[in-house]
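Below you'll find the structure, written out as structure tokens, and then a few comments.
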Amino acid sequence: MAETYLSAFNFILIIGVIQGFFFNIVIFATNKYKDKAILFLSLTVLFLSLNNLQSWFIDENFEISFYYIKYLKLTWNVFLAPMFYLFLVNYLKIENYIKRLFLITITIFASSLLIRILFLYYLKSQEGSSHFIFYLKRYNSIEDILIFIYTISIFIYSGIIFFTQHKRFKLMSSYDNLKWIKTFFVLSTVVLSFWFIAIILNYYYVAISTSYFYSPLRISTSFLIYWIGYQGLYQQKFVQDRMIIRSRLKNQEFVDDDILKISNKKNTTDVNYSKRKIQFKEIDQFTITNKKYTDASLSLESLASDFNISSSLLSQLINTYSDNNFTDYINKHRIELVKELLIDENYKNYTILSIGLESGFNSKSTFYAAFKKYTNLTPAEYKKELLQRKFVRNNSI
């Protein structure tokens, strides 16, 4: 039963390892590693994979004749928290002790390797004895405890930056709600809990195989390899899309200060319009021209302040002359922009969600609900229908 249990765990473990290596091959084959955030994300996955591969080799008890290789255990796990920290600060565009942390981690890794070799040299004469096994396991436990302390320290410091220093990455927050990173902290806390429990049990129960204590940790890290790889790549692409779309939209914008000067004079070019209707036309023109609706934080009060009028007057103007309340009025403009971008060849390589959020919606759910409300289609269905119409039209010519 125990052998079956370990075999199942090791199978899952090696699948996670293969997936982690495949992830890194894709990253380096597509040159995405040139982005520092993606580079450190891929290194996080790589060191997770190397650590789990080493654990798999140990559990499988491969016959190795050379003494130092047989008992050599590289501390790949010392890199995990530093690599994630470096990913985090690069993703959030924060420069924070990057070079120093990298050098400290390399030094710890090299020192642990040297100390282990010296320790193995000291124990060589006792190989195969009960004393040798006891001292080796005790050394592994102490080494694991020290690395755990180093890891948890960086993890806590990363959490302090992320959860308490929002002003430092305010710009990135406008592109990504960062919920996925919050989820990562939760998942990592679970993984670290498994690690802590394994360390305690392994220290006090030397006679029992470490595989039983560390199996939950290794399985959870295998899951983490998949999750962080997928989420990290997806979010990086998503944020880059939003940055490019926002930049393009901004280049199309201009502010006409004269539009802001709403006067009480009648419009001499169109005497049929009332003063209030003229006001609404100017507000509408300003909103469209400057794409005010692309601001997810736009409110009735903020738009009214642009014209030095009360929010109640603005609400009345919109309700009267657009036949919509403020929310519907703004959302209709957003949907029109989305529809334009979905068929624009310059935006065909960007995700639908990034287009929706850069058009002013503050979440996926509000974007999809609004789009469905005004078109009776999802954005994907709308785009597909337009492409089909275009295909039919081109073939009929």
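Quick note on naming: the chains in the structure tokens go A, B, ... in the order shown, residues restart at 1 in each chain, and ligands are numbered from 1 in order of appearance.
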
#### Entry: Contact residues around region 334-343 of chain A with only C-alpha atoms at 9 Å, ignoring same-chain residues under 5 positions, as a list of chain:residue names
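Once the nearby chain positions are removed, what remains is A:Lys291, A:Tyr293, A:Thr294, A:Tyr329, A:Lys348, A:Ile352, A:Ile355, A:Gly356, A:Glu358, A:Ser359, A:Gly360, A:Phe361, A:Phe367, A:Ala370, A:Phe371, A:Tyr374, A:Thr375, A:Pro379, A:Tyr382, A:Lys383, A:Leu386, A:Leu387.
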
Residue subset to file, keeping C-alpha atoms, as an mmCIF file, in the first residue's frame:
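Dumped to selection02.cif:
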data_model
loop_
_atom_site.group_PDB
_atom_site.id
_atom_site.type_symbol
_atom_site.label_atom_id
_atom_site.label_comp_id
_atom_site.auth_asym_id
_atom_site.auth_seq_id
_atom_site.Cartn_x
_atom_site.Cartn_y
_atom_site.Cartn_z
ATOM 1 C CA LYS A 291 -12.592 59.256 -24.855
ATOM 2 C CA TYR A 293 -15.512 56.932 -21.120
ATOM 3 C CA THR A 294 -12.318 54.854 -21.318
ATOM 4 C CA TYR A 329 -24.821 56.545 -21.679
ATOM 5 C CA LYS A 348 -6.555 41.728 -33.955
ATOM 6 C CA ILE A 352 -10.929 40.638 -26.198
ATOM 7 C CA ILE A 355 -9.825 45.598 -25.364
ATOM 8 C CA GLY A 356 -12.890 45.685 -23.115
ATOM 9 C CA GLU A 358 -9.101 49.531 -21.986
ATOM 10 C CA SER A 359 -12.446 50.738 -23.346
ATOM 11 C CA GLY A 360 -13.416 51.665 -19.796
ATOM 12 C CA PHE A 361 -14.948 48.622 -18.125
ATOM 13 C CA PHE A 367 -17.869 44.216 -19.724
ATOM 14 C CA ALA A 370 -22.943 45.345 -20.934
ATOM 15 C CA PHE A 371 -21.883 43.973 -24.316
ATOM 16 C CA TYR A 374 -26.534 46.181 -26.145
ATOM 17 C CA THR A 375 -25.739 43.600 -28.842
ATOM 18 C CA PRO A 379 -17.846 39.842 -27.677
ATOM 19 C CA TYR A 382 -19.909 39.410 -32.247
ATOM 20 C CA LYS A 383 -16.358 39.192 -33.591
ATOM 21 C CA LEU A 386 -18.371 40.078 -38.251
ATOM 22 C CA LEU A 387 -15.580 37.892 -39.609
#

Neighbour list for Lys170 (chain A) as a PDB file with N, CA and C atoms, in the first residue's frame, cut-off 9 Å, only C-alpha atoms, skip fewer than 4 positions in-chain:
ATOM      1  N   LEU A  92       5.819  44.587 -11.033  1.00  0.00           N
ATOM      2  CA  LEU A  92       5.199  45.795 -10.484  1.00  0.00           C
ATOM      3  C   LEU A  92       5.984  47.059 -10.806  1.00  0.00           C
ATOM      4  N   HIS A 166       0.935  49.998  -1.866  1.00  0.00           N
ATOM      5  CA  HIS A 166       0.202  50.106  -3.132  1.00  0.00           C
ATOM      6  C   HIS A 166       0.614  51.321  -3.964  1.00  0.00           C
ATOM      7  N   SER A 174      -3.423  49.942 -12.454  1.00  0.00           N
ATOM      8  CA  SER A 174      -4.397  50.429 -13.432  1.00  0.00           C
ATOM      9  C   SER A 174      -4.521  49.490 -14.627  1.00  0.00           C
TER      10      SER A 174
END

#### Entry: Which of region 42-263 of chain A fall in helix (DSSP H, G or I), as a PyMOL selection string
chain A and resi 42-60+67-70+76-91+98-126+130-164+166-173+179-204+210-251+257-260

### Point-to-point distance from CA of Ser112 (chain A) to CA of Thr75 (chain A), Å rounded to tenths
7.2 Å

### Shortest interatomic distance to Leu171 (chain A) - which of A:Val239, A:Val78, A:Asn324, A:Tyr368, counting only C-alpha atoms
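Closest to Leu171 (chain A), using only C-alpha atoms: A:Val239.
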
### Task
Go through A:Phe194, A:Phe9, A:Tyr175, A:Tyr203 and flag the residue nearest Ile145 (chain A), using only C-alpha atoms for the distances.
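Once distances to Ile145 (chain A) are computed over only C-alpha atoms, the minimum belongs to A:Tyr203.
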
### Query
Mind pulling up the distance from CA of Lys179 (chain A) to CA of Gln231 (chain A)?
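CA of Lys179 (chain A) lies 10.7 Å from CA of Gln231 (chain A).
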
### Task
Give the answer as one residue: which of A:Val26, A:Ser365, A:His333, A:Tyr230 has the shortest atom-to-atom distance to Lys292 (chain A), using only C-alpha atoms?
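Among the listed residues, the smallest separation from Lys292 (chain A) belongs to A:His333.
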